[in-house]
Amino acid sequence: MMRGDTARAKLATRGLRVYYGGRAALRGVSLAVPDRSVTALIGPSGCGKSTFLRALNRMHDLRHDARVEGRILLDGRPIDRLPPEVLRRRIGMLFQRPNPFPMSIFQNVAFGPALLGVRGKELERIVCSALQRAALWNEVKGRLHQHAGGLSGGQQQRLCLARALAMEPEVLLLDEPCSALDPGATEEIERLIAELRCSMAIVLVTHSLEQARRLADRVAFFQDGRLVEEGPAAEVLERPQQQETRRFLARGDWHRTCRGNGGSQGE
Amino acid sequence: MMRGDTARAKLATRGLRVYYGGRAALRGVSLAVPDRSVTALIGPSGCGKSTFLRALNRMHDLRHDARVEGRILLDGRPIDRLPPEVLRRRIGMLFQRPNPFPMSIFQNVAFGPALLGVRGKELERIVCSALQRAALWNEVKGRLHQHAGGLSGGQQQRLCLARALAMEPEVLLLDEPCSALDPGATEEIERLIAELRCSMAIVLVTHSLEQARRLADRVAFFQDGRLVEEGPAAEVLERPQQQETRRFLARGDWHRTCRGNGGSQGE
Amino acid sequence: MDVRDRLARAALAALAAVASAGVLLIALAVTVEGWPALPHLFGAVWSPEDGKFGVLPLLAGSALVTLGSLTLAVPAGIGLGLFLADVASPRLAGVVRPALQGMAAVPSVVFGFLGLNLIVPWISRVFGGLGFSLLAGCLVLAFMVLPTIAAVSEDALRAVDPALREGAYALGATPGQVAWRLLLPAAKSGLTAAVVLALGRALGETMAVLMVLGNAAAVPRSPLDPARTLTGNIALEMAYAAGRHREALFASGALLLLLNLAVTQAARLAAGGRAAR
Amino acid sequence: MDVRDRLARAALAALAAVASAGVLLIALAVTVEGWPALPHLFGAVWSPEDGKFGVLPLLAGSALVTLGSLTLAVPAGIGLGLFLADVASPRLAGVVRPALQGMAAVPSVVFGFLGLNLIVPWISRVFGGLGFSLLAGCLVLAFMVLPTIAAVSEDALRAVDPALREGAYALGATPGQVAWRLLLPAAKSGLTAAVVLALGRALGETMAVLMVLGNAAAVPRSPLDPARTLTGNIALEMAYAAGRHREALFASGALLLLLNLAVTQAARLAAGGRAAR
Amino acid sequence: GRSSVGLRIAGSTSLQPLAEMLAEGYQAAGGARVSAQGVGSTAGLQALRTGVADLATISRRLTPEEVREGFRAHVIAWDVLAIAVHPSNPVEGLTLAELRRLFSGEIRDWAELGSPAGRVHLISREAGSGSREAFRELVGPIHPLTAVQNSNGVIRLAIRNDPAAVGYLSLGVARAGGVKLVRVDGRLPGEPGYPLVRPLSLVTLGPPSGEARAFLMYALSPAGQRLVADEGLLPVR
Ligand SMILES: Nc1ncnc2c1ncn2[C@@H]1O[C@H](COP(=O)(O)OP(=O)(O)OP(=O)(O)O)[C@@H](O)[C@H]1O
Ligand SMILES: Nc1ncnc2c1ncn2[C@@H]1O[C@H](COP(=O)(O)OP(=O)(O)OP(=O)(O)O)[C@@H](O)[C@H]1O
Ligand SMILES: [Mg+2]
Ligand SMILES: [Mg+2]
């Protein structure tokens, strides 16, 4: 059954293990990510979500202390058959910690397209549209040529998202894209994700179960470097099969319970 | 009335303005933070929350391009009367973006107490207790002497919290302390905050209205560098006086609405 | 700020004051000694025996040797820094780095002698002529400053936050693009420091250049002509000079200081300056 | 990796290969020339006229001068770097930095002459004796390497992420504590590079030291005794050496390379090495 | 006390080997301890002036100002300046006049001297050096654009490498080989009557006295002059 899944999947891993130094951070994860859908990864802090995401576009190649084992397939073909830069152009990524380049806001977003030789008006159009889609345009349109280091935390996060969007990838890896955003901005980004889902595969790491509920088609629950449970969002979130998943979701529900006590709202 | 507030407050600002280069990021904020309570700052991304927090412990002194105007009072006395290091020992801070020092986990947490000359067993005790309170102990107890750069995003965030806790400050400034945490860890941190509230003044920047509801005694809503509205949590969140506040809260409610559609849960 | 801190800060400030004062003192000493000869420096002929102290040929020599050697050494040095910081495996870097470092401590005389025994005859054989030439000076000097540039560049490039590198790779940049569009601009200040250090060293280097440059006090008209630098001139003649000649040498020393300051500041400005940080 | 990238990478690798080969070549050339004299080097007396080529006194001279000057210059240089990077206002730094930079390009001869005219007589006056001494050499050399250490240190310290500085200040650290406990450890690799560069420069420096050191080929027994360095010895005698004497000079050059490599690697190891990154 | 050093000598680097030999011989003959520093002629005078040295060595003549200051030069040896060319150069001998025209830049091509055509490459010592001063005095002015090297050894090397080169250097070094020595006015360097010789002197400030005088006497003694000859220099006695 897994086999069939894998074949149809946009992106799939088989027995993925990642080691930092000697320590295993992922201990054999087999997961299929279907195209045109949102797959949410949830799990406690430190369980390996970011590690998993970074494996998918071969980020671990860049650090000498990380080692990856197992297979990763894009459209059914091992990703190491592709030159890494081609792979990474097809698989965009937003890192957990905003990492704007030390250059202007414009140059940050233009970085990717410029690599492909896009110039002039066309480049400006791409930058502008990417910033708009990342809900940042209004805040920065007057200071496009200022240093990106002068942006607030949430602005930096959206800038990095815009930077990834500007490449128009086939797969988008989002590591907590809304962690530094207010509810309004979060709403806009969620609308964007919902829209992008029509055209690409999205892997979304999120700590907000609500966000997973709102956006995810499928949910994968990680714990301790293992994939504990995976399936359609409604099933995993509402009728989890595994004890660990249930426990994790129940703790998350502390919020809900609490909220109930918060008093009713005006409207 | 403002006057009286200010006098009783643990920490208070009067007409606080902050400029980056020439641009104003805070345009005259007067806010009183009572002792033994949680004051939540909410507002859209880029509105000046972090800027406000950084002003309170004179972080802006450290960068040449920032300028601060207005008065800030700690226990009724201007903070610039105190030597900055004394002020900062009394006012602990968790930054929005985790900034672990490039040293071991232990050394990170021990950094502050060691400044005061704490050594040996006593130091170990403090580090251990701080890590426990920050809900990180179980995950790192086996690797205290490994490099802090090898921690996951959420782990780094809790490490920085532990680092601040180890100084036992009188005031704690928390810039989105749970942004990288799963619901379980969030719950533990929120319990911690609720507990700390009995002994200190806490200023909490958060993007989660639910978190503000759960934790805050008072809420201040910022927009565009101004303090739009401030008051007891229930009043501001449930019966906001200002149009802007209402609009902001309503957008946040998109979540609630959505959640309603998410289907009912197992239990 | 506690007492120890105040003390430390005062000590540092004192240190800076002393160092700056030292430099001023040197500059002053040199200028005072050279002052009377100043009006004599503006000429095109340096011939102390005829009472001619025109520094033009020496200035030209210094400028050309420095320019020539940096033109060779800066790209090569930054390239090597990049190689060590970003391209080479740790093991390979562990071989190349000490080799470069070894080169950094080869004393000027040895460089000079190797230049004399290898480069000069080679130039003479291939291009004819004496072999003692601008070209020989540039080559020797380029080798001498190469390790400094490489070491400082490597460190500047390594200091770039790895998260930025990852960000660029994640956008599909090739290693070359990452280096060219991200690492080099991000490390600009450190690279400028590398160049500025090399510049100072090249302008100030004496022995090795002296030995291979031919030292004719004339503006060279081709890379194969001999040339004489300001420092070489001082080294050559200071031991014997007296009177006006000695003053002229000191004045040319002051000129050298000035030249170095000017070029350094220009380099900093061209690189966008540290102010950008 | 696209074609241009492959080319660039190949070019860099070739560059590294050429540079390393160059160093090997230098080492080889020096060693080959000096090989026959090798067995003669292990003695305590350098007296070419008597056919005695023991390098012990020269080795001692080089080691002591280098050690002495770095003992003075490393703390001062790192201190200055810290001052420029963290303590001084941008305006003050804008004055001190060019001054230091000016010092970096003062040619060795000028340093030597100032040493000869100021430091040597001063030592002679205060402590008696000739004044030409180990102490004079250390002082002059310390001044010479100071700007290099300061410049490279400043850059290394500036490259530390400002967010870390803020983190330390936010814990109530005084500026001194921030520097001592955070900045210096965090910049360790860059500071090591600074020291290693200075070390190479100090070991290899010839002219200035030659002029003030007195150059007696005996192991100095006090800082006021004259001394002779390996490089100084080569510079003094290479010009007229022939036969065994010449070979011995080359062999001592090879020794110098070896010494530098050893000391450099030791410094790297002591600093925890770059491997830690 | 001023240290254990009895007599302090500083000065000309080209005299340094001889100074060391003399110092050793002097001590062996029961004289005081001597330390000799090769720092350059002018620096040596400076050391003498400031009292850092008791004796200076110079390889040039004193300038009139220096004489007026009270410096006294005592010639202890003669250095022979050899004229050297590449071994392949057929030139055997030159007259003083030809030499003058060669080095003043008047003769620019070897053809004018009967050798195969080719531009003359002049190599000279640096301005102020004893050799150059002596050459200028004995032969005539040197063209200002001549290539310059600051040691006899490098001059020999340069001439060895370049078939078109000609230069002057100390006989002791020139004899190390690789270059061809040219007759001047028919005489080979070292032969009696060879015109290009320069004085090497010990300098005192005022008349010599005490230890300095004793050393000077030793240098001029037969034992001292034997050392002079050993160094490849011409004795004065
Ligand atoms: N160092 C800086 N230089 C220039 N402008 C800055 C700098 N830091 C912040 N700003 C600007 O000041 C404004 C307020 O920034 P601040 O970081 O306080 O926002 P915030 O409320 O914390 O936002 P977020 O929720 O996204 O973290 C923003 O418009 C931001 O772009
Ligand atoms: N560079 C590294 N070196 C060593 N260990 C690492 C490194 N990065 C992560 N780890 C460890 O691997 C495990 C998984 O980390 P990862 O970053 O994937 O967690 P995560 O699920 O993304 O957590 P979070 O929600 O806190 O971001 C953690 O225990 C972490 O400490
Ligand atoms: Mg993560
Ligand atoms: Mg913020």
# chains A, B, ... in the order shown; residues from 1 in each chain; ligands from 1
>>> closest_atom_pairs(of="chain E", to="chain D", cutoff="10 Å", atoms="only C-alpha atoms", output="JSON lines")
{"residue": "E:Gly1", "atom": "CA", "partner": "D:Gly128", "partner_atom": "CA", "distance": 7.3}
{"residue": "E:Arg2", "atom": "CA", "partner": "D:Gly128", "partner_atom": "CA", "distance": 5.0}
{"residue": "E:Ser3", "atom": "CA", "partner": "D:Gly129", "partner_atom": "CA", "distance": 5.2}
{"residue": "E:Ser4", "atom": "CA", "partner": "D:Gly129", "partner_atom": "CA", "distance": 8.1}
{"residue": "E:Val5", "atom": "CA", "partner": "D:Gly129", "partner_atom": "CA", "distance": 7.6}
{"residue": "E:Arg8", "atom": "CA", "partner": "D:Leu130", "partner_atom": "CA", "distance": 7.5}
{"residue": "E:Ile9", "atom": "CA", "partner": "D:Leu130", "partner_atom": "CA", "distance": 9.8}
{"residue": "E:Ala10", "atom": "CA", "partner": "D:Gly214", "partner_atom": "CA", "distance": 9.3}
{"residue": "E:Thr13", "atom": "CA", "partner": "D:Leu236", "partner_atom": "CA", "distance": 8.3}
{"residue": "E:Ser14", "atom": "CA", "partner": "D:Tyr240", "partner_atom": "CA", "distance": 9.7}
{"residue": "E:Gln16", "atom": "CA", "partner": "D:Leu236", "partner_atom": "CA", "distance": 9.6}
{"residue": "E:Pro17", "atom": "CA", "partner": "D:Glu49", "partner_atom": "CA", "distance": 8.9}
{"residue": "E:Glu20", "atom": "CA", "partner": "D:Glu49", "partner_atom": "CA", "distance": 9.9}
{"residue": "E:Met21", "atom": "CA", "partner": "D:Glu49", "partner_atom": "CA", "distance": 8.6}
{"residue": "E:Ser35", "atom": "CA", "partner": "D:Ala216", "partner_atom": "CA", "distance": 8.0}
{"residue": "E:Ala36", "atom": "CA", "partner": "D:Ala216", "partner_atom": "CA", "distance": 8.1}
{"residue": "E:Gln37", "atom": "CA", "partner": "D:Gly214", "partner_atom": "CA", "distance": 5.8}
{"residue": "E:Gly38", "atom": "CA", "partner": "D:Gly214", "partner_atom": "CA", "distance": 8.0}
{"residue": "E:Val39", "atom": "CA", "partner": "D:Met211", "partner_atom": "CA", "distance": 6.2}
{"residue": "E:Gly40", "atom": "CA", "partner": "D:Met211", "partner_atom": "CA", "distance": 9.2}
{"residue": "E:Ala43", "atom": "CA", "partner": "D:Leu116", "partner_atom": "CA", "distance": 8.2}
{"residue": "E:Gln46", "atom": "CA", "partner": "D:Asn117", "partner_atom": "CA", "distance": 8.5}
{"residue": "E:Ala47", "atom": "CA", "partner": "D:Pro121", "partner_atom": "CA", "distance": 8.6}
{"residue": "E:Thr50", "atom": "CA", "partner": "D:Pro121", "partner_atom": "CA", "distance": 7.7}
{"residue": "E:Gly51", "atom": "CA", "partner": "D:Pro121", "partner_atom": "CA", "distance": 9.0}
{"residue": "E:Val52", "atom": "CA", "partner": "D:Leu130", "partner_atom": "CA", "distance": 5.7}
{"residue": "E:Ala53", "atom": "CA", "partner": "D:Leu130", "partner_atom": "CA", "distance": 7.3}
{"residue": "E:Asn150", "atom": "CA", "partner": "D:Ala239", "partner_atom": "CA", "distance": 9.4}
{"residue": "E:Ser151", "atom": "CA", "partner": "D:Ala239", "partner_atom": "CA", "distance": 6.3}
{"residue": "E:Asn152", "atom": "CA", "partner": "D:Ala239", "partner_atom": "CA", "distance": 6.9}
{"residue": "E:Gly153", "atom": "CA", "partner": "D:Ala239", "partner_atom": "CA", "distance": 4.4}
{"residue": "E:Val154", "atom": "CA", "partner": "D:Ala239", "partner_atom": "CA", "distance": 6.4}
{"residue": "E:Ile155", "atom": "CA", "partner": "D:Ala239", "partner_atom": "CA", "distance": 9.3}
{"residue": "E:Arg156", "atom": "CA", "partner": "D:Ala239", "partner_atom": "CA", "distance": 9.5}
{"residue": "E:Leu157", "atom": "CA", "partner": "D:Ala239", "partner_atom": "CA", "distance": 9.6}
{"residue": "E:Gly172", "atom": "CA", "partner": "D:Tyr240", "partner_atom": "CA", "distance": 9.0}
{"residue": "E:Val173", "atom": "CA", "partner": "D:Tyr240", "partner_atom": "CA", "distance": 6.5}
{"residue": "E:Ala174", "atom": "CA", "partner": "D:Tyr240", "partner_atom": "CA", "distance": 9.7}
{"residue": "E:Ala176", "atom": "CA", "partner": "D:Ala242", "partner_atom": "CA", "distance": 7.5}
>>> residues_near_ligand(ligand="ligand 4", cutoff="6 Å", atoms="only C-alpha atoms and all ligand atoms", output="MDAnalysis selection string")
(chainID A and resid 152:153) or (chainID B and resid 49:50)
>>> residues_around(residues="Val166 of chain E", least_positions_apart="6", cutoff="12 Å", atoms="only C-alpha atoms", output="ChimeraX atom specification")
/C:130 /E:82-89,91,94,99,102-103,108-110,119-125,146-148,155-160,179-182
>>> select_by_dssp(residues="segment 154-258 of chain D", states="helix (DSSP H, G or I)", output="MDAnalysis selection string")
chainID D and resid 154:158 162:170 175:186 188:204 207:213 230:237 243:258
>>> residues_near_ligand(ligand="ligand 1", cutoff="9 Å", atoms="only C-alpha atoms and all ligand atoms", output="NGL selection string")
(:A and (139-140 or 146-157 or 180-182)) or (:B and (18-26 or 41-54 or 63 or 65-66 or 96 or 175-176 or 205-207 or 222-225))
>>> write_last_selection(atoms="C-alpha atoms", output="PDB file, in the first residue's frame")
ATOM      1  CA  GLU A 139       4.295  47.655   4.740  1.00  0.00           C
ATOM      2  CA  VAL A 140       7.449  47.853   2.640  1.00  0.00           C
ATOM      3  CA  GLN A 146      16.299  49.785   2.561  1.00  0.00           C
ATOM      4  CA  HIS A 147      18.259  47.108   4.353  1.00  0.00           C
ATOM      5  CA  ALA A 148      16.228  44.025   5.185  1.00  0.00           C
ATOM      6  CA  GLY A 149      17.826  43.904   8.640  1.00  0.00           C
ATOM      7  CA  GLY A 150      15.586  46.811   9.611  1.00  0.00           C
ATOM      8  CA  LEU A 151      12.409  44.744   9.379  1.00  0.00           C
ATOM      9  CA  SER A 152      10.489  43.494  12.392  1.00  0.00           C
ATOM     10  CA  GLY A 153      10.447  39.780  13.184  1.00  0.00           C
ATOM     11  CA  GLY A 154       7.162  39.106  11.441  1.00  0.00           C
ATOM     12  CA  GLN A 155       8.136  41.234   8.468  1.00  0.00           C
ATOM     13  CA  GLN A 156      11.339  39.251   8.064  1.00  0.00           C
ATOM     14  CA  GLN A 157       9.375  36.033   8.103  1.00  0.00           C
ATOM     15  CA  ALA A 180       5.833  35.496  14.192  1.00  0.00           C
ATOM     16  CA  LEU A 181       2.630  36.792  12.653  1.00  0.00           C
ATOM     17  CA  ASP A 182      -0.410  38.472  14.141  1.00  0.00           C
TER      18      ASP A 182
ATOM     19  CA  VAL B  18      11.847  55.538  19.239  1.00  0.00           C
ATOM     20  CA  TYR B  19      13.423  56.401  15.898  1.00  0.00           C
ATOM     21  CA  TYR B  20      15.414  54.123  13.616  1.00  0.00           C
ATOM     22  CA  GLY B  21      17.574  56.381  11.517  1.00  0.00           C
ATOM     23  CA  GLY B  22      14.997  59.063  10.821  1.00  0.00           C
ATOM     24  CA  ARG B  23      11.878  56.860  10.841  1.00  0.00           C
ATOM     25  CA  ALA B  24       9.713  56.792  13.938  1.00  0.00           C
ATOM     26  CA  ALA B  25       8.829  53.291  15.127  1.00  0.00           C
ATOM     27  CA  LEU B  26       7.152  54.424  18.354  1.00  0.00           C
ATOM     28  CA  LEU B  41       1.096  43.633  24.060  1.00  0.00           C
ATOM     29  CA  ILE B  42      -0.800  42.821  20.907  1.00  0.00           C
ATOM     30  CA  GLY B  43      -0.928  44.386  17.519  1.00  0.00           C
ATOM     31  CA  PRO B  44      -0.135  43.782  13.875  1.00  0.00           C
ATOM     32  CA  SER B  45       3.325  42.751  12.785  1.00  0.00           C
ATOM     33  CA  GLY B  46       5.615  45.764  12.535  1.00  0.00           C
ATOM     34  CA  CYS B  47       3.587  47.972  14.882  1.00  0.00           C
ATOM     35  CA  GLY B  48       6.420  48.478  17.356  1.00  0.00           C
ATOM     36  CA  LYS B  49       5.952  45.825  20.030  1.00  0.00           C
ATOM     37  CA  SER B  50       9.531  44.595  19.978  1.00  0.00           C
ATOM     38  CA  THR B  51      10.760  48.148  19.755  1.00  0.00           C
ATOM     39  CA  PHE B  52       8.803  48.995  22.897  1.00  0.00           C
ATOM     40  CA  LEU B  53      10.145  45.980  24.765  1.00  0.00           C
ATOM     41  CA  ARG B  54      13.719  46.758  23.799  1.00  0.00           C
ATOM     42  CA  ARG B  63      22.843  50.205  18.283  1.00  0.00           C
ATOM     43  CA  ASP B  65      21.040  53.942  14.537  1.00  0.00           C
ATOM     44  CA  ALA B  66      18.311  53.920  17.198  1.00  0.00           C
ATOM     45  CA  GLN B  96      11.869  37.382  19.540  1.00  0.00           C
ATOM     46  CA  ASP B 175       8.823  38.633  23.028  1.00  0.00           C
ATOM     47  CA  GLU B 176       6.593  35.874  21.705  1.00  0.00           C
ATOM     48  CA  VAL B 205       4.270  40.208  23.383  1.00  0.00           C
ATOM     49  CA  THR B 206       2.033  37.674  21.744  1.00  0.00           C
ATOM     50  CA  HIS B 207       0.282  37.095  18.475  1.00  0.00           C
ATOM     51  CA  PHE B 222      -0.428  48.807  19.488  1.00  0.00           C
ATOM     52  CA  GLN B 223      -0.807  49.954  15.959  1.00  0.00           C
ATOM     53  CA  ASP B 224       1.547  51.949  13.766  1.00  0.00           C
ATOM     54  CA  GLY B 225       3.814  52.862  16.650  1.00  0.00           C
TER      55      GLY B 225
END
>>> atom_distance(atom1="atom CA of Ile149 of chain C", atom2="atom CA of Val195 of chain D")
14.6 Å
>>> residues_around(residues="Leu161 of chain A", least_positions_apart="5", cutoff="10 Å", atoms="only C-alpha atoms", output="list in words")
Gly92, Met93, Leu94, Phe95, Pro98, Val109, Ala130, Leu131, Arg133, Ala134, Ala135, Leu136, Gln155, Gln156, Ala166, Leu172, Leu174, Pro177 and Ile189 of chain A
>>> residues_around(residues="Val74 of chain C", least_positions_apart="2", cutoff="10 Å", atoms="only C-alpha atoms", output="number ranges by chain")
C: 69-72, 76-80, 142, 145-146, 148-150, 153, 191, 194-195, 198-199
>>> interface_residues(of="chain C", to="chain A", cutoff="8 Å", atoms="only C-alpha atoms", output="mmCIF file with C-alpha atoms, in the first residue's frame")
data_model
loop_
_atom_site.group_PDB
_atom_site.id
_atom_site.type_symbol
_atom_site.label_atom_id
_atom_site.label_comp_id
_atom_site.auth_asym_id
_atom_site.auth_seq_id
_atom_site.Cartn_x
_atom_site.Cartn_y
_atom_site.Cartn_z
ATOM 1 C CA ALA C 163 21.825 30.325 7.804
ATOM 2 C CA LEU C 164 22.382 32.845 5.005
ATOM 3 C CA GLU C 166 21.542 27.867 3.401
ATOM 4 C CA GLY C 167 19.024 30.480 2.401
ATOM 5 C CA ALA C 168 20.844 31.102 -0.862
ATOM 6 C CA TYR C 169 21.317 27.417 -1.629
ATOM 7 C CA ALA C 170 17.647 26.823 -0.888
ATOM 8 C CA LEU C 171 16.770 29.250 -3.676
ATOM 9 C CA GLY C 172 18.643 27.019 -6.104
ATOM 10 C CA ALA C 173 21.855 28.989 -6.271
ATOM 11 C CA THR C 174 24.928 27.097 -7.431
ATOM 12 C CA GLN C 177 26.409 31.962 -7.302
ATOM 13 C CA LEU C 182 26.006 36.274 -1.184
ATOM 14 C CA ALA C 186 28.300 39.719 2.951
#
>>> residues_around(residues="segment 230-235 of chain E", least_positions_apart="3", cutoff="7 Å", atoms="only C-alpha atoms", output="list in words")
Leu18, Ala77, Trp78, Asp79, Val80, Gly172, Gln225, Arg226 and Leu227 of chain E
>>> residues_around(residues="Pro183 of chain A", least_positions_apart="3", cutoff="7 Å", atoms="only C-alpha atoms", output="ChimeraX atom specification")
/A:186-187 /B:207,251-252
>>> atom_distance(atom1="atom CA of Gly176 of chain C", atom2="atom CA of Ala8 of chain D")
7.0 Å
>>> select_by_dssp(residues="segment 71-262 of chain A", states="strand (DSSP E or B)", output="ChimeraX atom specification")
/A:71-74,77-78,91-94,104,147,171-175,201-205,218-223,226-232
>>> atom_distance(atom1="atom CA of Tyr194 of chain E", atom2="atom CA of Gln149 of chain E")
24.2 Å
